[in-house]
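Q: Quick one: this structure, given as structure tokens, is what I'll be asking you about.
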Amino acid sequence: MPFYEVENLVHAYNRKPILKIRQMKIEPGSITGLVGPNGSGKSTLLRLLGFVEKPLKGEIRLDGRPVKPFDPCVRQVTLLPQTPYLLKRSVFQNVAYGLMVRKQRSNLKRSIHQALEMVGLDPGEFGMRQWDELSGGEAQRVALAARLVLRPGVLLLDEPTASVDAASAQLIKEASLQARKQWNTTLVIASHDWQWLREVCDHIRHLFRGHLLATGQASLVFGPWRPAGPAMVEKVLPDGQRLQAMGHPEDLAKAVAVFDPDDFILSNRRPTGPSKLCWVRGSLTQLSVEKGSRRLLATVAAGNVPFAARLEPGEKHGACPLVPGQALWIGYDPLKVKWY
Amino acid sequence: MDYPLKKVGIGTTLIAFCLLLCLSGTPARAGSSQLLLATTTSTDNTGLLDYLAPHFTRATGIGLRWIAVGTGKALKLGQNCDVDVLLVHAPEAEKNFVAAGYGIDRRQVMYNDFVIIGPLADPAGITGKEVRSALVSIKQSGATFVSRGDNSGTHRKELELWAGSGLELPDKASWYVQTGQGMLATINIAAERKGYTLTDRGTYIKYAADHGGNPPLKILVDGDACLRNQYSVILVNPERCPKVKSDQAKAFAQWLTSPQAGKLIADFRLMGKQLFVPNAE
Amino acid sequence: MDFISHGIAEAFRLLLSGDSQTYSAVAATVKVSSMSMAVSLALGIPAGFILGYTSFPGKRQARLMVDTMLALPTVFIGLLVYALVSSQGPLGDLGLLFTLKGIAIGQTILALPIVIALTAAAVEQMDRQLRTTLISLGADRYRLLMTSLWEVRHGILAAGLTAYGRVMTEVGISMMVGGNIKWQTRTVTTAIALETGKGRFAVGFALGLVLILIALTVNVSVSFLRRK
């Protein structure tokens with residue numbers, strides 16, 4: 001049974017719609033990545049999943065039961081906001097807060113020390129520090145420790161590594177995965193860190209202007225687009241290349257083109273001869289193993305726009321092996337582009 | 001490691017603190033059995049009441065507390081039944097007060113007198129004149145005259161004097177300054193502006209003493225019959241105000257107009273000078 | 001103005017010689033301001049929290065009203081309370097006129113808008129993430145309220161101290177409702193007005209210094225809370 005079920009969710013602030021999700025499921029113990037530009041509704045979705053606020057319409061079920069904020073079962077879910085708030089108290093008291101409201105006073109000190117160690121903070125050194133005596137990365141880790149100490153069933157992370165130093169980011173990533181490993185915690189992570197999400201997530205979901213787009217490793221290209229012939233639009237990439245696609249997007253300035261990773265063909269030379277495919281030139285920036293499918297994902301940046309292509313097992317590209325940095329041509333069928 | 005308990009500790013402290021404040025805040029109600037007098041600032045500021053009150057309590061066993069305000073406000077407090085008895089000095093207003101049924105049994109107690117003071121240079125040349133011609137001279141010379149302008153007994157007296165001199169009240173004249181403040185503040189303003197003003201003698205004696213006996217303003221006009229400042233005691237009408245302590249108030253009025261009190265008033269000295277002349281009938 | 005130096009010397013003389021009139025006025029001031037502050041805080045902090053934290057129909061109007069009441073002149077409040085507690089007034093039977101309790105009613109009207117407005121302002125400036133954080137850590141509604149209040153304690157403390165400063169230094173209400181009765185309702189401020197009226201500027205100045213000393217004592221004893 002899925003842990004989370006979201007149905008016909010609508011949320012708005014001041015009558016301005018923020019989020020509209022028809023259906024979404026999150027399996028227990030899974031890791032879900034949420035990606036999308038700023039303002040796409042990631043934080044709002046996490047706040048709703050965290051039962052911090054009530055959706056305007058629709059319902060969110062946890063283990064099959066509809067749940068509202070302040071319901072007792074909400075306590076197995078915890079959210080780490082993007083800019084975490086530390087209570088104006090010591091680090092120890094900050095981490096203790098969740099346990100205190102749950103009246104779990106036994107082994108308080110040991111649990112707190114464990115949680116601090118999990119995020120790489122020495123309890124002896126940091127326990128007595130005040131909330132305002134921490135760096136940004138340390139504060140973020142204290143906030144995470146305050147969640148981990150609860151051994152949460154669901155941990156919702158909103159851009160957990162966006163505004164911290166590399167070392168803290170590393171520790172935060174490790175600690176989150178540790179929670180999953182130790183307590184089978186379900187993780188939902190909103191992040192711009194593509195590489196990390198690809199490595200760890202079972203599912204990746206795109207949010208755009210409040211809508212859930214094609215799931216998986218799809219590449220998104222944002223507007224503005226301009227007309228380029230009948231039923232054809234194009235976007236000028238930063239390096240001057242023109243990316244063309246078929247379709248009639250409603251609002252050329254804001255339309256988003258979605259490219260499926262299975263629809264790309266990679267080549268080290270521009271193929272000649274007649275073809276219905278379009279080609280853009282880029283360079284290979286990353287190769288990774290897709291979790292689950294165990295297949296290779298290649299990221300090719302064309303004029304700084306990343307395109308993710310899923311490679312068939314044993315696929316040939318004319319120039320094997322692939323080496324990051326090498327120039328590649330990406331071919332795609334302009335008819336297969338989806339629009340949002 | 002019981003830090004979280006600290007919060008509870010402070011909360012309790014705050015509650016205890018509030019309770020303490022509430023308890024300590026319960027005022028002593030001792031005053032409720034005492035007679036409440038509304039009087040003018042002059043009797044309080046000169047110390048006369050501080051001097052008389054213990055004698056009154058010793059003679060009658062009645063405690064006395066008082067509110068010192070302008071005569072206008074004192075009469076208003078009496079009209080609202082908020083005090084038991086009045087000691088004021090504005091005969092015309094007092095008669096109206098009694099006529100309206102707000103007060104009863106008005107009796108004269110004592111008097112002092114008003115004086116017109118001004119700078120030694122005396123630009124209007126009023127020294128030694130009668131009140132009537134002095135005011136005319138001030139008006140004609142355009143010299144500054146400072147008025148209380150606060151509906152107090154002194155202010156009412158001043159208005160009476162302008163009217164008695166056949167002059168229109170110079171309400172908006174540039175040389176006529178209305179302070180709306182107490183007597184001493186008004187004298188100080190007159191000194192700053194090198195102007196004239198009307199004051200009761202008691203306040204002037206204090207003012208002179210404050211300046212080491214050599215004040216910038218001197219008494220220029222005094223002794224005129226119309227400058228007399230009559231103080232009277234009035235009982236708040238117990239028929240209108242059933243809650244007033246009419247028996248004690250009556251005892252106070254009786255005592256204040258008695259020969260013993262008269263002697264005490266005559267003996268009262270400020271800076272070695274007699275301030276009030278008893279004239280109870 | 002030599003009364004200033006005289007006043008400083010006089011302030012020390014009054015306090016050190018245990019001058020009974022001065023201490024009576026100090027006691028009246030402390031009593032009456034404590035009463036009005038206890039009521040103002042008890043009513044004002046919850047009201048300010050509601051005003052700053054929640055949204056309800058008419059909130060803007062309520063805010064406007066509270067902000068306007070910050071400008072109530074003390075003499076006006078004095079007259080208002082006098083009208084209420086005068087023998088002829090609706091509360092005349094309670095015998096509050098010319099008592100410290102009567103003054104405390106007026107001072108509560110003075111302090112309440114300050115406590116409400118400043119508490120609401122402090123709560124409005126509260127980090128929006130606080131609510132998210134507390135709920136996501138499992139706080140229930142009661143805990144949410146108490147912890148939020150505790151988080152803005154510095155703002156609320158500032159609200160209390162500002163109101164206390166206003167209450168302790170006002171003259172209009174004490175004079176009008178209290179009547180400046182010696183040994184009973186004579187507060188430090190009405191005593192200053194009286195002594196100034198008598199021309200005893202040095203004594204008036206000295207009493208002003210005494211008032212500042214009381215304020216200093218309150219602030220010092222409250223500052224231990226601020227450090228937490």
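Ligands are numbered from 1 in the order shown, chains are lettered A, B, ... in the order of the structure tokens, and residues start at 1 in each chain.
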When you get a sec, could you note down which chain C residues fall within 8 Å of chain B, using only C-alpha atoms, as an MDAnalysis selection string?
A: chainID C and resid 31:32 34:35 38 86:88 97 99:101 179:182 184 194 197:199
Q: Take the residues that were just selected and, keeping N, CA, C and O atoms, output them as a compact mmCIF listing (two decimals), in the first residue's frame.
A:
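Output contents, as saved in again-v6.txt:
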```txt
# COMPACT_ATOMS: atom_id res chain seq x y z
N LYS C 31 2.76 50.82 43.36
CA LYS C 31 1.52 50.04 43.51
C LYS C 31 0.62 50.22 42.30
O LYS C 31 0.16 49.25 41.69
N VAL C 32 0.36 51.47 41.97
CA VAL C 32 -0.64 51.73 40.94
C VAL C 32 -0.14 51.27 39.58
O VAL C 32 -0.89 50.70 38.78
N SER C 34 1.99 48.87 39.07
CA SER C 34 2.01 47.41 39.05
C SER C 34 0.63 46.85 38.76
O SER C 34 0.47 45.92 37.97
N MET C 35 -0.39 47.46 39.41
CA MET C 35 -1.76 47.00 39.16
C MET C 35 -2.12 47.16 37.70
O MET C 35 -2.61 46.22 37.06
N ALA C 38 -0.15 44.73 35.48
CA ALA C 38 -0.57 43.32 35.58
C ALA C 38 -1.81 43.09 34.72
O ALA C 38 -1.87 42.13 33.94
N SER C 86 -17.07 58.69 38.89
CA SER C 86 -17.65 59.75 39.71
C SER C 86 -18.93 59.24 40.36
O SER C 86 -19.58 58.33 39.84
N SER C 87 -19.28 59.81 41.49
CA SER C 87 -20.48 59.36 42.21
C SER C 87 -21.68 59.32 41.30
O SER C 87 -22.57 58.49 41.45
N GLN C 88 -21.71 60.26 40.34
CA GLN C 88 -22.85 60.33 39.42
C GLN C 88 -22.71 59.35 38.27
O GLN C 88 -23.64 59.15 37.51
N LEU C 97 -13.36 56.58 42.84
CA LEU C 97 -12.79 57.90 42.62
C LEU C 97 -11.83 58.24 43.76
O LEU C 97 -12.08 57.92 44.92
N THR C 99 -9.00 56.94 44.37
CA THR C 99 -8.29 55.79 44.92
C THR C 99 -7.23 55.35 43.89
O THR C 99 -7.30 55.70 42.72
N LEU C 100 -6.29 54.55 44.38
CA LEU C 100 -5.26 54.03 43.47
C LEU C 100 -5.89 53.10 42.44
O LEU C 100 -5.46 53.06 41.29
N LYS C 101 -6.93 52.36 42.83
CA LYS C 101 -7.58 51.46 41.86
C LYS C 101 -8.17 52.25 40.72
O LYS C 101 -8.12 51.82 39.56
N GLY C 179 -6.65 62.63 42.31
CA GLY C 179 -6.85 63.81 43.11
C GLY C 179 -5.62 64.26 43.89
O GLY C 179 -5.70 65.21 44.65
N ASN C 180 -4.48 63.57 43.72
CA ASN C 180 -3.24 64.01 44.36
C ASN C 180 -3.41 64.15 45.87
O ASN C 180 -2.97 65.12 46.48
N ILE C 181 -4.09 63.18 46.50
CA ILE C 181 -4.33 63.27 47.94
C ILE C 181 -3.10 62.78 48.69
O ILE C 181 -2.61 61.67 48.47
N LYS C 182 -2.63 63.65 49.58
CA LYS C 182 -1.42 63.34 50.34
C LYS C 182 -1.57 62.02 51.10
O LYS C 182 -2.63 61.73 51.63
N GLN C 184 -2.10 59.22 50.18
CA GLN C 184 -2.99 58.21 49.59
C GLN C 184 -2.80 58.06 48.10
O GLN C 184 -2.32 57.04 47.63
N LEU C 194 2.85 69.12 41.81
CA LEU C 194 2.53 69.94 42.97
C LEU C 194 3.72 70.81 43.38
O LEU C 194 3.58 72.01 43.58
N GLY C 197 4.32 73.48 41.02
CA GLY C 197 3.31 74.51 41.19
C GLY C 197 3.60 75.40 42.39
O GLY C 197 3.30 76.59 42.40
N LYS C 198 4.19 74.79 43.41
CA LYS C 198 4.55 75.56 44.60
C LYS C 198 5.81 76.38 44.39
O LYS C 198 6.22 77.13 45.27
N GLY C 199 6.47 76.15 43.26
CA GLY C 199 7.72 76.86 43.02
C GLY C 199 8.93 76.16 43.59
O GLY C 199 10.03 76.69 43.56
```
Q: Need to verify the contact set: Ala93 of chain B, 12 Å, only C-alpha atoms, exclusion of same-chain residues closer than 6 positions in sequence. Can you return it as an MDAnalysis selection string?
A: chainID B and resid 71:76 99:100 102:103 106 151:153 156:157 160 232 234
Q: Deliver the residues from the most recent selection as a file, using all heavy atoms, as a CSV table (one decimal), in the first residue's frame.
A:
```csv
chain,number,residue,atom,x,y,z
B,71,THR,N,-10.7,76.7,41.7
B,71,THR,CA,-12.0,76.8,42.2
B,71,THR,C,-13.1,76.2,41.3
B,71,THR,O,-14.1,75.6,41.7
B,71,THR,CB,-12.3,78.3,42.5
B,71,THR,OG1,-11.4,78.7,43.5
B,71,THR,CG2,-13.8,78.5,42.9
B,72,GLY,N,-12.9,76.5,40.0
B,72,GLY,CA,-13.9,75.9,39.0
B,72,GLY,C,-14.0,74.4,39.1
B,72,GLY,O,-15.2,73.9,39.2
B,73,LYS,N,-12.9,73.7,39.2
B,73,LYS,CA,-13.0,72.3,39.3
B,73,LYS,C,-13.5,71.8,40.6
B,73,LYS,O,-14.2,70.8,40.7
B,73,LYS,CB,-11.6,71.7,39.0
B,73,LYS,CG,-11.6,70.2,38.9
B,73,LYS,CD,-10.3,69.6,38.4
B,73,LYS,CE,-10.2,68.1,38.6
B,73,LYS,NZ,-8.9,67.6,38.4
B,74,ALA,N,-13.1,72.6,41.7
B,74,ALA,CA,-13.6,72.2,43.0
B,74,ALA,C,-15.1,72.3,43.1
B,74,ALA,O,-15.8,71.3,43.6
B,74,ALA,CB,-13.0,73.2,44.1
B,75,LEU,N,-15.7,73.3,42.5
B,75,LEU,CA,-17.2,73.4,42.4
B,75,LEU,C,-17.8,72.3,41.6
B,75,LEU,O,-18.8,71.7,42.0
B,75,LEU,CB,-17.6,74.8,41.9
B,75,LEU,CG,-17.2,76.0,42.7
B,75,LEU,CD1,-17.5,77.3,42.0
B,75,LEU,CD2,-18.0,76.0,44.0
B,76,LYS,N,-17.1,71.9,40.5
B,76,LYS,CA,-17.6,70.8,39.7
B,76,LYS,C,-17.6,69.5,40.5
B,76,LYS,O,-18.5,68.7,40.4
B,76,LYS,CB,-16.7,70.7,38.5
B,76,LYS,CG,-17.3,69.9,37.3
B,76,LYS,CD,-18.3,70.7,36.5
B,76,LYS,CE,-19.0,69.8,35.5
B,76,LYS,NZ,-20.2,70.5,35.0
B,99,ALA,N,-27.3,78.6,45.0
B,99,ALA,CA,-28.6,78.9,44.4
B,99,ALA,C,-29.1,77.8,43.6
B,99,ALA,O,-30.3,77.5,43.5
B,99,ALA,CB,-28.5,80.2,43.6
B,100,ALA,N,-28.2,77.1,42.9
B,100,ALA,CA,-28.6,76.0,42.0
B,100,ALA,C,-28.9,74.7,42.8
B,100,ALA,O,-29.3,73.7,42.3
B,100,ALA,CB,-27.4,75.7,41.0
B,102,TYR,N,-26.7,73.0,44.6
B,102,TYR,CA,-25.6,72.0,44.7
B,102,TYR,C,-25.0,72.0,46.1
B,102,TYR,O,-24.4,71.0,46.6
B,102,TYR,CB,-24.5,72.3,43.7
B,102,TYR,CG,-25.0,72.3,42.3
B,102,TYR,CD1,-24.6,73.2,41.3
B,102,TYR,CD2,-25.8,71.3,41.8
B,102,TYR,CE1,-25.0,73.2,40.0
B,102,TYR,CE2,-26.3,71.2,40.5
B,102,TYR,CZ,-25.9,72.2,39.6
B,102,TYR,OH,-26.3,72.1,38.3
B,103,GLY,N,-25.0,73.2,46.8
B,103,GLY,CA,-24.4,73.3,48.1
B,103,GLY,C,-25.3,74.0,49.0
B,103,GLY,O,-26.3,74.7,48.6
B,106,ARG,N,-23.4,78.1,53.2
B,106,ARG,CA,-22.1,78.8,52.9
B,106,ARG,C,-21.7,79.7,54.0
B,106,ARG,O,-22.5,80.6,54.4
B,106,ARG,CB,-22.3,79.6,51.5
B,106,ARG,CG,-21.1,80.4,51.2
B,106,ARG,CD,-21.2,81.0,49.8
B,106,ARG,NE,-20.1,81.9,49.5
B,106,ARG,CZ,-20.3,83.2,49.6
B,106,ARG,NH1,-21.4,83.8,50.0
B,106,ARG,NH2,-19.2,84.0,49.4
B,151,ASN,N,-10.0,80.2,34.8
B,151,ASN,CA,-11.2,80.1,35.5
B,151,ASN,C,-11.0,79.8,37.0
B,151,ASN,O,-11.9,79.4,37.6
B,151,ASN,CB,-12.1,79.0,34.9
B,151,ASN,CG,-13.6,79.3,35.1
B,151,ASN,OD1,-14.0,80.4,35.4
B,151,ASN,ND2,-14.4,78.2,35.1
B,152,SER,N,-9.8,80.1,37.5
B,152,SER,CA,-9.6,79.9,38.9
B,152,SER,C,-10.2,81.1,39.7
B,152,SER,O,-10.7,82.1,39.1
B,152,SER,CB,-8.1,79.9,39.1
B,152,SER,OG,-7.5,81.1,38.7
B,153,GLY,N,-10.1,81.1,41.0
B,153,GLY,CA,-10.6,82.2,41.8
B,153,GLY,C,-9.9,83.4,41.5
B,153,GLY,O,-10.5,84.5,41.3
B,156,ARG,N,-11.1,84.7,38.1
B,156,ARG,CA,-12.5,85.3,38.2
B,156,ARG,C,-12.4,86.7,38.8
B,156,ARG,O,-13.1,87.6,38.4
B,156,ARG,CB,-13.4,84.4,39.1
B,156,ARG,CG,-13.9,83.2,38.4
B,156,ARG,CD,-14.3,82.2,39.4
B,156,ARG,NE,-14.5,80.9,38.7
B,156,ARG,CZ,-15.7,80.4,38.5
B,156,ARG,NH1,-16.8,81.1,38.7
B,156,ARG,NH2,-15.9,79.2,37.9
B,157,LYS,N,-11.5,86.8,39.8
B,157,LYS,CA,-11.3,88.1,40.5
B,157,LYS,C,-10.8,89.1,39.4
B,157,LYS,O,-11.3,90.3,39.4
B,157,LYS,CB,-10.3,88.0,41.6
B,157,LYS,CG,-10.1,89.2,42.4
B,157,LYS,CD,-11.4,89.5,43.1
B,157,LYS,CE,-11.3,90.6,44.2
B,157,LYS,NZ,-12.6,90.7,44.9
B,160,GLU,N,-13.5,90.3,37.2
B,160,GLU,CA,-14.3,91.2,38.0
B,160,GLU,C,-13.7,92.6,38.0
B,160,GLU,O,-14.4,93.6,37.9
B,160,GLU,CB,-14.4,90.6,39.4
B,160,GLU,CG,-15.6,91.0,40.2
B,160,GLU,CD,-15.4,90.3,41.6
B,160,GLU,OE1,-15.5,89.1,41.6
B,160,GLU,OE2,-15.2,91.0,42.6
B,232,SER,N,-14.6,80.9,51.6
B,232,SER,CA,-15.8,80.4,52.3
B,232,SER,C,-15.8,78.9,52.3
B,232,SER,O,-15.2,78.2,51.4
B,232,SER,CB,-17.1,80.9,51.6
B,232,SER,OG,-17.0,82.3,51.5
B,234,ILE,N,-18.4,75.6,52.1
B,234,ILE,CA,-19.7,75.2,51.6
B,234,ILE,C,-19.9,73.7,51.8
B,234,ILE,O,-19.0,72.9,51.4
B,234,ILE,CB,-19.9,75.6,50.1
B,234,ILE,CG1,-19.6,77.0,49.8
B,234,ILE,CG2,-21.4,75.3,49.6
B,234,ILE,CD1,-19.6,77.4,48.4
```
Q: When you get a sec, could you note down which chain A residues fall within 9 Å of chain B, using only C-alpha atoms, as a list in words?
A: Ser90, Phe92, Gln93, Ala96, Tyr97, Met100 and Lys109 of chain A
Q: When you draw a straight line from atom CA of Gly149 of chain B to atom CA of Ser165 of chain B, how long is it in Å?
A: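 One can read the atom CA of Gly149 of chain B to atom CA of Ser165 of chain B distance as 18.4 Å.
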Q: So that I can see what lies close to segment 201-218 of chain C, please list as a PyMOL selection string the residues with an atom at most 9 Å from it, counting only C-alpha atoms and leaving out residues fewer than 2 positions away in the same chain.
A: chain C and resi 2-12+14-15+22+26+29-30+161+164-165+168-169+188-189+191-199+220-223
Q: Quick one: contact table of chain C to chain A, 8 Å max, nearest atom pair and distance in Å to one decimal per residue, counting only C-alpha atoms, chain and number order, as CSV?
A:
```
residue,atom,partner,partner_atom,distance
C:Asp127,CA,A:Tyr85,CA,7.6
C:Gln129,CA,A:Tyr85,CA,5.8
C:Leu130,CA,A:Tyr85,CA,5.8
C:Thr132,CA,A:Val52,CA,5.9
C:Thr133,CA,A:Tyr85,CA,6.4
C:Ile135,CA,A:Val52,CA,6.0
C:Ser136,CA,A:Thr78,CA,4.8
C:Leu137,CA,A:Gly98,CA,5.0
C:Gly138,CA,A:Arg75,CA,5.2
C:Ala139,CA,A:Val101,CA,6.0
C:Asp140,CA,A:Phe70,CA,6.1
C:Arg141,CA,A:Phe70,CA,7.5
C:Arg143,CA,A:Val101,CA,7.6
C:Glu151,CA,A:Lys88,CA,6.3
```
Q: What lies within 10 Å of Glu250 of chain A using only C-alpha atoms, ignoring chain neighbours under 4 positions off, as a ChimeraX atom specification?
A: /A:254-255,339-340
Q: For the selection you just gave me, I'd like the residues written to a file as an mmCIF file, in the first residue's frame, keeping C-alpha atoms.
A:
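As a result, selection27.cif now contains:
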```
data_model
loop_
_atom_site.group_PDB
_atom_site.id
_atom_site.type_symbol
_atom_site.label_atom_id
_atom_site.label_comp_id
_atom_site.auth_asym_id
_atom_site.auth_seq_id
_atom_site.Cartn_x
_atom_site.Cartn_y
_atom_site.Cartn_z
ATOM 1 C CA LYS A 254 6.232 30.771 -20.589
ATOM 2 C CA ALA A 255 5.778 27.456 -22.359
ATOM 3 C CA TRP A 339 4.262 20.975 -23.954
ATOM 4 C CA TYR A 340 3.157 22.441 -20.666
#
```
Q: Which residues are close to Pro46 of chain C, i.e. within 12 Å by only C-alpha atoms, leaving aside same-chain residues fewer than 2 positions away? Reply as a list of chain:residue names.
A: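 The contact residues come out as C:Val39, C:Ser40, C:Leu41, C:Ala42, C:Leu43, C:Gly44, C:Gly48, C:Phe49, C:Ile50, C:Leu51, C:Gly52, C:Tyr53, C:Thr54, C:Leu112, C:Val115, C:Ile116, C:Ala117, C:Leu118, C:Thr119, C:Ala120, C:Val123, C:Leu145, C:Met146, C:Ser148, C:Leu149, C:Ile156.
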Q: Just N, CA, C and O atoms for this one: save the residues we selected as an mmCIF file, in the first residue's frame.
A:
```cif
data_model
loop_
_atom_site.group_PDB
_atom_site.id
_atom_site.type_symbol
_atom_site.label_atom_id
_atom_site.label_comp_id
_atom_site.auth_asym_id
_atom_site.auth_seq_id
_atom_site.Cartn_x
_atom_site.Cartn_y
_atom_site.Cartn_z
ATOM 1 N N VAL C 39 -2.774 44.014 34.812
ATOM 2 C CA VAL C 39 -3.995 43.847 34.016
ATOM 3 C C VAL C 39 -3.692 44.035 32.528
ATOM 4 O O VAL C 39 -4.147 43.258 31.680
ATOM 5 N N SER C 40 -2.893 45.046 32.217
ATOM 6 C CA SER C 40 -2.605 45.320 30.798
ATOM 7 C C SER C 40 -1.887 44.153 30.157
ATOM 8 O O SER C 40 -2.175 43.798 29.009
ATOM 9 N N LEU C 41 -0.942 43.551 30.861
ATOM 10 C CA LEU C 41 -0.198 42.432 30.279
ATOM 11 C C LEU C 41 -1.106 41.212 30.144
ATOM 12 O O LEU C 41 -1.090 40.528 29.122
ATOM 13 N N ALA C 42 -1.910 40.979 31.188
ATOM 14 C CA ALA C 42 -2.767 39.792 31.166
ATOM 15 C C ALA C 42 -3.763 39.864 30.016
ATOM 16 O O ALA C 42 -4.067 38.867 29.378
ATOM 17 N N LEU C 43 -4.267 41.073 29.736
ATOM 18 C CA LEU C 43 -5.235 41.205 28.631
ATOM 19 C C LEU C 43 -4.530 41.486 27.309
ATOM 20 O O LEU C 43 -4.953 41.016 26.256
ATOM 21 N N GLY C 44 -3.464 42.270 27.379
ATOM 22 C CA GLY C 44 -2.860 42.792 26.153
ATOM 23 C C GLY C 44 -2.041 41.785 25.390
ATOM 24 O O GLY C 44 -2.033 41.799 24.159
ATOM 25 N N GLY C 48 -2.862 41.018 21.704
ATOM 26 C CA GLY C 48 -1.861 41.377 20.705
ATOM 27 C C GLY C 48 -1.449 40.179 19.884
ATOM 28 O O GLY C 48 -1.234 40.281 18.676
ATOM 29 N N PHE C 49 -1.363 39.036 20.534
ATOM 30 C CA PHE C 49 -0.975 37.825 19.807
ATOM 31 C C PHE C 49 -2.038 37.482 18.770
ATOM 32 O O PHE C 49 -1.732 37.207 17.612
ATOM 33 N N ILE C 50 -3.285 37.547 19.198
ATOM 34 C CA ILE C 50 -4.370 37.245 18.259
ATOM 35 C C ILE C 50 -4.352 38.231 17.100
ATOM 36 O O ILE C 50 -4.447 37.861 15.934
ATOM 37 N N LEU C 51 -4.150 39.505 17.438
ATOM 38 C CA LEU C 51 -4.169 40.542 16.401
ATOM 39 C C LEU C 51 -3.017 40.355 15.417
ATOM 40 O O LEU C 51 -3.164 40.586 14.222
ATOM 41 N N GLY C 52 -1.865 39.937 15.932
ATOM 42 C CA GLY C 52 -0.715 39.820 15.046
ATOM 43 C C GLY C 52 -0.633 38.480 14.343
ATOM 44 O O GLY C 52 -0.040 38.362 13.283
ATOM 45 N N TYR C 53 -1.228 37.453 14.900
ATOM 46 C CA TYR C 53 -0.989 36.095 14.423
ATOM 47 C C TYR C 53 -2.095 35.600 13.508
ATOM 48 O O TYR C 53 -1.842 34.927 12.522
ATOM 49 N N THR C 54 -3.309 35.944 13.848
ATOM 50 C CA THR C 54 -4.429 35.382 13.102
ATOM 51 C C THR C 54 -4.985 36.425 12.141
ATOM 52 O O THR C 54 -4.643 37.595 12.209
ATOM 53 N N LEU C 112 -2.883 49.453 27.768
ATOM 54 C CA LEU C 112 -3.387 48.317 26.982
ATOM 55 C C LEU C 112 -3.115 48.456 25.478
ATOM 56 O O LEU C 112 -2.587 47.522 24.858
ATOM 57 N N VAL C 115 0.573 47.745 24.811
ATOM 58 C CA VAL C 115 0.934 46.325 24.906
ATOM 59 C C VAL C 115 0.390 45.568 23.697
ATOM 60 O O VAL C 115 1.108 44.789 23.061
ATOM 61 N N ILE C 116 -0.870 45.850 23.338
ATOM 62 C CA ILE C 116 -1.471 45.124 22.209
ATOM 63 C C ILE C 116 -0.724 45.445 20.919
ATOM 64 O O ILE C 116 -0.297 44.549 20.189
ATOM 65 N N ALA C 117 -0.515 46.729 20.657
ATOM 66 C CA ALA C 117 0.090 47.123 19.377
ATOM 67 C C ALA C 117 1.512 46.586 19.259
ATOM 68 O O ALA C 117 1.897 46.046 18.222
ATOM 69 N N LEU C 118 2.295 46.710 20.324
ATOM 70 C CA LEU C 118 3.696 46.282 20.225
ATOM 71 C C LEU C 118 3.803 44.757 20.227
ATOM 72 O O LEU C 118 4.676 44.205 19.558
ATOM 73 N N THR C 119 2.923 44.085 20.970
ATOM 74 C CA THR C 119 2.931 42.620 20.916
ATOM 75 C C THR C 119 2.556 42.157 19.512
ATOM 76 O O THR C 119 3.213 41.284 18.935
ATOM 77 N N ALA C 120 1.518 42.792 18.950
ATOM 78 C CA ALA C 120 1.093 42.408 17.602
ATOM 79 C C ALA C 120 2.220 42.644 16.607
ATOM 80 O O ALA C 120 2.483 41.812 15.734
ATOM 81 N N VAL C 123 4.797 39.967 17.032
ATOM 82 C CA VAL C 123 4.315 38.678 16.528
ATOM 83 C C VAL C 123 4.284 38.684 14.995
ATOM 84 O O VAL C 123 4.609 37.688 14.357
ATOM 85 N N LEU C 145 1.285 27.931 20.453
ATOM 86 C CA LEU C 145 1.050 29.253 21.033
ATOM 87 C C LEU C 145 2.133 29.610 22.041
ATOM 88 O O LEU C 145 2.755 30.669 21.987
ATOM 89 N N MET C 146 2.369 28.687 22.984
ATOM 90 C CA MET C 146 3.296 29.005 24.076
ATOM 91 C C MET C 146 4.711 29.198 23.546
ATOM 92 O O MET C 146 5.403 30.140 23.946
ATOM 93 N N SER C 148 5.600 30.015 20.503
ATOM 94 C CA SER C 148 5.661 31.239 19.695
ATOM 95 C C SER C 148 5.796 32.456 20.597
ATOM 96 O O SER C 148 6.604 33.343 20.346
ATOM 97 N N LEU C 149 4.992 32.504 21.657
ATOM 98 C CA LEU C 149 5.090 33.623 22.600
ATOM 99 C C LEU C 149 6.484 33.695 23.191
ATOM 100 O O LEU C 149 7.057 34.768 23.342
ATOM 101 N N ILE C 156 7.859 41.214 23.398
ATOM 102 C CA ILE C 156 6.808 41.407 24.394
ATOM 103 C C ILE C 156 7.362 42.140 25.609
ATOM 104 O O ILE C 156 6.717 43.017 26.189
#
```
Q: Can you measure atom CA of Gly58 of chain A to atom CA of Glu7 of chain A for me? One decimal in Å is fine.
A: 5.8 Å
Q: Could you tell me how far atom CA of Arg166 of chain C lies from atom CA of Met126 of chain C, in Å and to one decimal?
A: 25.1 Å
Q: Mind listing the alpha helix (DSSP H) residues of segment 112-290 of chain A, per DSSP on the backbone, as a VMD selection string?
A: chain A and resid 112 to 118 123 to 126 136 to 148 166 to 183 194 to 200
Q: Near segment 324-332 of chain A, within 12 Å and counting only C-alpha atoms, which residues show up once chain neighbours fewer than 5 positions away are dropped, as JSON, numbers by chain?
A: {"A": [243, 244, 245, 246, 258, 259, 260, 261, 262, 263, 264, 265, 266, 267, 268, 269, 270, 271, 272, 275, 276, 277, 278, 279, 280, 281, 282, 283, 284, 285, 286, 287, 288, 298, 299, 300, 301, 302, 303, 306, 307, 308, 309, 310, 317, 318, 319, 337]}
